[in-house]
Amino acid sequence: LHFFMQKYIEQLNEAQREPVLQKDGPMIIIAGAGSGKTRVLTIRIAYLMHQGIDPFNILSLTFTNKAAREMKKRISDIVGSSEAKNLWMGTFHSVFARILRAEAEHLGYPSNFTIYDSQDSLRAISGIIKEMQLDRDIYKPKQVLGRISNFKNSLITVKAYYNDPDLQEADAMSKKPRMGEIYQNYVDRCFKSGAMDFDDLLLKTNELLTRFPEVLAKYQNRFRYLLVDEYQDTNHSQYLIVRALSDKFQNICVVGDDAQSIYAFRGANINNILNFQKDYEGVKTFRLEQNYRSTKNIVEAANTIIDKNKVKLDKVVWTANDFGPKIKVHRSITDNEEGRFVAATIWEQKMNHQLNNGAFAILYRTNAQSKAMEDALRKRDIPYRIYGGLSFYQRKEVKDALCYLRLVINPKDEEALVRVINYPARGIGNTTIEKLTIAANHYKRSIFEVMQNIERIDLKLNSGTKQKLLDFVTMIQSFQVINENQDAFYVVEHVAKKTGLIQELKKDATPEGMARIENIEQLLNGVKDFIEGQKEVDGAVGSLSEFMEDVALATDLDKDTSDEDRVALMTIHLAKGLEFPHVFVVGMEEDLFPSAMSMSTRSELEEERRLFYVALTRAEHQAYLTYSQSRYRWGKLTDSEPSRFIEEIDSQFLEYLTPAESNYRYKSSIDSDIFGDVDKSKLRLAKPIGSTPPKHVTDNQPKPDANVRKLKPVSGGNPSGGTANLFDNKLAAGNMVMHERFGKGQVINLEGVGPDKKAEIKFEVGGLKKLLLRFAKLDII
Ligand code: ATP
Ligand code: MG
């Protein structure tokens with residue numbers, strides 16, 4: 001044991017070793033990407049245990065449960081699994097859900113409370129808006145839920161809302177004067193259902209720790225050592241929890257990188273990291289400067305990017321690693337072509353260098369971008385996995401099954417009940433459900449309780465309907481009995497059969513229908529895996545409620561159940577903390593990245609830039625930046641400009657792949673069907689490329705970022721590289737030309753010089769268009 005510990009500590013560099021050896025007191029490690037922050041945190045925990053700290057007294061909070069599991073495994077390797085087992089590690093949400101279950105009675109909640117996912121919350125809000133007979137176009141459920149979520153994360157309760165005239169006025173100004181009532185109704189409805197939403201897990205924890213000093217004291221004494229990874233992304237609610245818990249012993253170690261703060265839109269507050277020194281007395285600050293993850297090219301390029309931000313802590317990041325290949329920049333004409341370039345490159349790299357699929361990640365700004373990538377990977381038979389997006393547990397048939405299971409655990413759960421009470425069809429209609437809901441609101445009881453007492457409440461239901469309601473109650477109760485005596489697998493299988501769910505799905509013999517049944521099978525496999533996993537961990541029987549907790553709190557990254565070797569596709573937000581040998585950052589286009597919705601203020605743009613910093617620093621060996629000149633967005637083909645972020649990188653770190661060179665190998669596959677997947681009839685409706693100058697050039701408004709964009713030739717500074725430029729020299733007014741997309745046309749006029757040279761061309765179909773020659777693929781005919 002001693003030997004192992006020694007070995008791990010010796011492997012750290014000096015700057016990393018210091019915070020590991022510093023046992024007590026408040027400390028902060030601020031350091032750039034890939035400098036070993038997470039590694040230091042892991043070794044630090046092992047070393048605390050090695051020094052005799054009871055694992056029961058250590059709490060470590062991570063960004064995903066997966067990260068927590070990996071850390072725990074590492075620590076097990078060093079100190080042994082029987083010790084590591086007792087560590088508390090996980091996301092804020094999963095750790096505090098566990099505490100809330102133990103302490104639920106203080107708050108008047110049952111310990112078996114349901115955790116609503118965002119779908120459930122949205123349905124509840126929609127229901128309330130309908131019941132209150134409000135206009136859904138003004139009270140948009142998603143917006144309303146977002147507002148309530150913000151309240152909760154800032155610890156604004158309903159009461160606090162009514163005490164704050166400013167908040168009420170703001171809602172009145174935005175034509176939503178009844179926001180407070182909706183908030184109240186939503187809180188009531190969740191409480192009556194024995195349900196907490198995601199934000200409640202933090203809000204209620206704060207309530208618990210402030211209202212019940214004895215509970216606070218209990219957990220302060222328990223968690224004598226607190227460690228928080230990715231501290232830059234904690235929101236106000238999380239910040240207060242950490243402060244309260246660490247207040248007594250002040251053994252708090254937080255690690256983070258202000259340059260990677262990317263969750264401001266969800267209320268994360270970068271000031272938490274900037275103000276840490278002020279919050280505790282005698283804070284020790286550590287800085288790590290050596291990056292072990294990436295090549296020099298990547299590290300230095302990333303430094304040039306983050307330099308453009310004004311709000312930042314000064315940091316040095318360097319690496320002793322090789323220079324490595326330059327960052328490759330690729331442009332394509334359509335997003336589908338972009339997908340084909342990525343898939344072809346992965347395929348080629350795999351072949352040439354014997355790499356696994358897992359060596360590659362494709363990162364994008366928005367989930368919608370995954371489709372083109374998926375199509376291209378599928379065509380080449382490259383296995384991939386998409387993280388995020390609509391998760392497995394949110395698919396309709398899976399969620400239906402889960403809602404029955406939620407009722408077994410907590411029959412008060414109203415969203416679950418309304419969802420499945422008449423699915424499969426049992427002749428319980430909407431009018432009946434409405435009557436039940438009204439009665440439940442009136443008696444301040446759950447719908448299930450109303451149903452149990454249906455004989456005693458006069459709802460003007462006929463006896464047939466009453467019987468159906470009672471049958472449903474009996475069915476759920478019979479499941480509860482089984483749940484008391486059987487493991488989770490048995491219960492889930494039994495429920496799937498007895499509710500008629502499987503028979504219902506079997507009626508549909510189409511491939512989609514079959515896929516739904518397979519999903520239920522997969523859910524069962526998941527339960528089996530879970531039970532096996534539980535046995536390994538502590539020899540326990542995996543109960544249904546434990547399984548459901550796991551499902552409710554799985555973060556998007558956690559749903560990675562199989563070990564198969566696949567290319568990873570995910571948003572940049574989700575990639576935080578991860579690393580891959582080869583990283584493609586796709587869709588490097590203005591209005592997409594930086595996002596059109598995040599360019600109006602400097603601070604928004606700076607957050608987008610930090611996001612780009614996160615993306616680039618995931619790469620160990622090779623990074624690719626790709627962009628497309630056009631892409632389908634909101635059902636329309638739109639033209640696009642390369643992202644300003646590409647140009648912000650010092651050009652010495654970049655290698656522009658000219659179409660002629662880069663696509664040489666893939667030329668046949670790309671050119672042959674370059675527009676095979678574009679609906680040509682739509683092309684005429686689309687904005688022609690180059691018809692509008694980039695927004696940030698024409699706009700008279702002062703720009704959030706004062707850098708004036710200067711377009712670089714895409715061919716990497718070689719003015720004669722690429723078809724368009726070569727051709728540019730010869731083109732004259734009057735020439736007949738053929739354009740790949742617009743077809744035949746005649747050059748009317750030429751204007752501008754060098755890379756800005758434009759041609760006005762009258763096409764036979766589509767009329768007059770102005771094209772930037774640098775981009776336009778034209779042939780003289
Ligand atoms: P991020 O900011 O992206 O979360 P990080 O600062 O948490 O990064 P780690 O993930 O801990 O960095 O480390 C980056 C990589 O460098 C990992 O593969 C890690 O194993 C490796 N590493 C860290 N420190 C050392 C070291 N002293 N010797 C060798 N490899 C190291
Ligand atoms: Mg990390």
# chains A, B, ... in the order shown; residues from 1 in each chain; ligands from 1
>>> residues_near_ligand(ligand="ligand 1", cutoff="9 Å", atoms="only C-alpha atoms and all ligand atoms", output="PyMOL selection string")
chain A and resi 9-14+16-17+30-42+229-230+255-257+260+288+290-294+575-579+614+617-618+620
>>> write_last_selection(atoms="N, CA and C atoms", output="CSV table (one decimal), in the first residue's frame")
chain,number,residue,atom,x,y,z
A,9,ILE,N,2.6,9.4,-6.0
A,9,ILE,CA,3.0,10.8,-5.7
A,9,ILE,C,4.3,11.2,-6.4
A,10,GLU,N,5.2,10.2,-6.6
A,10,GLU,CA,6.4,10.5,-7.3
A,10,GLU,C,6.1,10.9,-8.8
A,11,GLN,N,5.1,10.3,-9.3
A,11,GLN,CA,4.7,10.6,-10.7
A,11,GLN,C,4.3,12.0,-10.9
A,12,LEU,N,3.9,12.7,-9.9
A,12,LEU,CA,3.4,14.1,-10.0
A,12,LEU,C,4.5,15.0,-10.1
A,13,ASN,N,4.3,16.1,-10.8
A,13,ASN,CA,5.4,17.1,-10.8
A,13,ASN,C,5.3,17.9,-9.5
A,14,GLU,N,6.3,18.8,-9.3
A,14,GLU,CA,6.4,19.4,-8.0
A,14,GLU,C,5.2,20.3,-7.7
A,16,GLN,N,2.2,19.9,-8.7
A,16,GLN,CA,1.0,19.1,-8.5
A,16,GLN,C,1.1,18.4,-7.1
A,17,ARG,N,2.4,18.1,-6.7
A,17,ARG,CA,2.6,17.4,-5.4
A,17,ARG,C,2.2,18.3,-4.2
A,30,ILE,N,-6.0,26.7,-9.4
A,30,ILE,CA,-6.5,27.3,-10.6
A,30,ILE,C,-5.5,26.9,-11.7
A,31,ALA,N,-5.9,26.3,-12.7
A,31,ALA,CA,-4.9,25.9,-13.7
A,31,ALA,C,-5.7,25.7,-15.1
A,32,GLY,N,-4.9,25.8,-16.1
A,32,GLY,CA,-5.5,25.6,-17.5
A,32,GLY,C,-5.8,24.2,-17.8
A,33,ALA,N,-6.3,24.0,-18.9
A,33,ALA,CA,-6.8,22.7,-19.4
A,33,ALA,C,-5.6,21.7,-19.4
A,34,GLY,N,-5.9,20.4,-19.0
A,34,GLY,CA,-4.9,19.4,-19.2
A,34,GLY,C,-3.7,19.4,-18.3
A,35,SER,N,-3.8,20.3,-17.2
A,35,SER,CA,-2.6,20.4,-16.4
A,35,SER,C,-2.7,19.4,-15.2
A,36,GLY,N,-3.7,18.6,-15.1
A,36,GLY,CA,-3.7,17.6,-14.1
A,36,GLY,C,-4.5,17.9,-12.9
A,37,LYS,N,-5.5,18.8,-13.0
A,37,LYS,CA,-6.3,19.2,-11.9
A,37,LYS,C,-7.1,18.0,-11.4
A,38,THR,N,-7.7,17.3,-12.3
A,38,THR,CA,-8.5,16.2,-11.9
A,38,THR,C,-7.7,15.1,-11.3
A,39,ARG,N,-6.5,14.9,-11.9
A,39,ARG,CA,-5.6,13.9,-11.4
A,39,ARG,C,-5.1,14.3,-10.0
A,40,VAL,N,-4.8,15.5,-9.7
A,40,VAL,CA,-4.4,15.9,-8.4
A,40,VAL,C,-5.5,15.7,-7.4
A,41,LEU,N,-6.7,16.0,-7.8
A,41,LEU,CA,-7.8,15.7,-6.9
A,41,LEU,C,-7.9,14.3,-6.5
A,42,THR,N,-7.8,13.4,-7.5
A,42,THR,CA,-7.8,12.0,-7.3
A,42,THR,C,-6.8,11.5,-6.3
A,229,ASP,N,-14.5,19.4,-8.1
A,229,ASP,CA,-13.9,19.5,-9.5
A,229,ASP,C,-14.7,20.5,-10.3
A,230,GLU,N,-14.1,21.1,-11.3
A,230,GLU,CA,-14.9,22.0,-12.2
A,230,GLU,C,-15.6,23.1,-11.4
A,255,VAL,N,-11.0,22.9,-7.4
A,255,VAL,CA,-10.1,23.0,-8.6
A,255,VAL,C,-11.0,23.5,-9.7
A,256,GLY,N,-10.3,24.3,-10.5
A,256,GLY,CA,-11.1,24.8,-11.7
A,256,GLY,C,-10.2,25.7,-12.6
A,257,ASP,N,-10.9,26.1,-13.7
A,257,ASP,CA,-10.2,26.9,-14.6
A,257,ASP,C,-11.2,27.9,-15.1
A,260,GLN,N,-12.5,27.9,-18.5
A,260,GLN,CA,-13.4,26.9,-19.0
A,260,GLN,C,-14.8,27.0,-18.4
A,288,LEU,N,-1.0,25.2,-11.5
A,288,LEU,CA,-0.3,24.2,-12.3
A,288,LEU,C,-0.1,24.8,-13.7
A,290,GLN,N,2.0,23.1,-16.3
A,290,GLN,CA,2.4,22.2,-17.3
A,290,GLN,C,1.2,21.3,-17.8
A,291,ASN,N,1.0,21.4,-19.1
A,291,ASN,CA,-0.1,20.6,-19.7
A,291,ASN,C,0.5,19.2,-20.1
A,292,TYR,N,-0.1,18.2,-19.8
A,292,TYR,CA,0.4,16.8,-20.1
A,292,TYR,C,-0.5,16.2,-21.2
A,293,ARG,N,-1.5,16.9,-21.6
A,293,ARG,CA,-2.5,16.2,-22.5
A,293,ARG,C,-2.1,16.4,-23.9
A,294,SER,N,-1.8,17.6,-24.3
A,294,SER,CA,-1.8,18.0,-25.7
A,294,SER,C,-0.4,18.3,-26.3
A,575,ALA,N,-18.4,17.7,-23.3
A,575,ALA,CA,-17.0,17.2,-23.4
A,575,ALA,C,-16.1,17.7,-22.3
A,576,LYS,N,-16.5,18.6,-21.5
A,576,LYS,CA,-15.7,19.2,-20.5
A,576,LYS,C,-15.0,18.1,-19.6
A,577,GLY,N,-13.7,18.3,-19.4
A,577,GLY,CA,-13.0,17.3,-18.6
A,577,GLY,C,-12.5,16.1,-19.3
A,578,LEU,N,-13.0,15.8,-20.6
A,578,LEU,CA,-12.6,14.6,-21.3
A,578,LEU,C,-11.4,14.9,-22.2
A,579,GLU,N,-10.8,13.8,-22.7
A,579,GLU,CA,-9.7,13.9,-23.7
A,579,GLU,C,-9.8,12.8,-24.7
A,614,VAL,N,-12.4,25.2,-24.6
A,614,VAL,CA,-12.6,23.8,-24.0
A,614,VAL,C,-12.6,22.8,-25.2
A,617,THR,N,-9.0,22.1,-26.4
A,617,THR,CA,-8.1,21.5,-25.5
A,617,THR,C,-8.5,20.1,-25.1
A,618,ARG,N,-9.5,19.6,-25.7
A,618,ARG,CA,-9.8,18.1,-25.5
A,618,ARG,C,-8.9,17.3,-26.3
A,620,GLU,N,-5.6,15.5,-27.8
A,620,GLU,CA,-4.2,15.2,-27.4
A,620,GLU,C,-3.2,15.4,-28.5
>>> select_by_dssp(residues="range 294-423 of chain A", states="alpha helix (DSSP H)", output="PyMOL selection string")
chain A and resi 296-306+335-353+370-379+396-409+414-420
>>> closest_residue(among="A:Ser121, A:Tyr231, A:Ala104, A:Lys315", to="ligand 2", atoms="only C-alpha atoms and all ligand atoms")
A:Tyr231
>>> closest_residue(among="A:Tyr186, A:Asp247, A:Ile75, A:Ile29", to="ligand 2", atoms="only C-alpha atoms and all ligand atoms")
A:Ile29
>>> residues_around(residues="range 346-363 of chain A", least_positions_apart="2", cutoff="7 Å", atoms="only C-alpha atoms", output="list in words")
Val342, Ala343, Ala344, Asp565, Arg566, Val567, Ala568, Leu569, Met570, Thr571, Ile572, Phe580, Pro581, His582, Val583, Phe584, Val585 and Val586 of chain A
>>> residues_around(residues="Ala264 in chain A", least_positions_apart="4", cutoff="10 Å", atoms="only C-alpha atoms", output="MDAnalysis selection string")
chainID A and resid 232:235 268:270 603:604 607
>>> residues_around(residues="Glu449 in chain A", least_positions_apart="3", cutoff="9 Å", atoms="only C-alpha atoms", output="list in words")
Pro411, Lys412, Ala440, Arg445, Ser446, Gln452, Asn453 and Ile454 of chain A
>>> closest_residue(among="A:Gln51, A:Thr62, A:Asn309, A:Ser643", to="ligand 2", atoms="only C-alpha atoms and all ligand atoms")
A:Thr62
>>> closest_residue(among="A:Lys152, A:Lys23, A:Lys730, A:Asp779", to="Gly745 in chain A", atoms="only C-alpha atoms")
A:Asp779
>>> residues_around(residues="range 188-194 of chain A", least_positions_apart="6", cutoff="7 Å", atoms="only C-alpha atoms", output="compact mmCIF listing (two decimals) with N, CA and C atoms, in the first residue's frame")
# COMPACT_ATOMS: atom_id res chain seq x y z
N TYR A 109 -41.48 15.82 3.01
CA TYR A 109 -41.49 14.97 1.81
C TYR A 109 -41.36 13.49 2.21
N PRO A 110 -41.91 12.58 1.40
CA PRO A 110 -41.65 11.16 1.66
C PRO A 110 -40.23 10.82 1.19
N PHE A 113 -39.54 10.06 -2.58
CA PHE A 113 -39.98 11.07 -3.55
C PHE A 113 -39.46 10.76 -4.96
N THR A 114 -40.26 11.17 -5.94
CA THR A 114 -39.87 10.99 -7.33
C THR A 114 -39.01 12.17 -7.76
N LYS A 412 -48.18 8.57 -5.60
CA LYS A 412 -48.66 9.95 -5.67
C LYS A 412 -48.14 10.69 -6.90
N ASP A 413 -47.12 10.14 -7.51
CA ASP A 413 -46.45 10.78 -8.65
C ASP A 413 -47.46 11.07 -9.77
N GLU A 414 -47.86 12.34 -9.86
CA GLU A 414 -48.96 12.69 -10.74
C GLU A 414 -48.61 12.64 -12.22
N LYS A 444 -56.32 18.92 -1.98
CA LYS A 444 -54.87 18.96 -1.78
C LYS A 444 -54.30 17.55 -1.53
N ARG A 445 -54.79 16.63 -2.31
CA ARG A 445 -54.30 15.25 -2.26
C ARG A 445 -53.83 14.84 -3.65
N SER A 446 -53.18 13.68 -3.72
CA SER A 446 -52.75 13.21 -5.02
C SER A 446 -53.92 12.57 -5.77
>>> residues_around(residues="Gly429 in chain A", least_positions_apart="3", cutoff="12 Å", atoms="only C-alpha atoms", output="list in words")
Val418, Val420, Ile421, Asn422, Tyr423, Ala425, Arg426, Thr432, Ile433, Glu434, Lys435, Leu436, Leu461, Thr465, Lys466, Lys468 and Leu469 of chain A
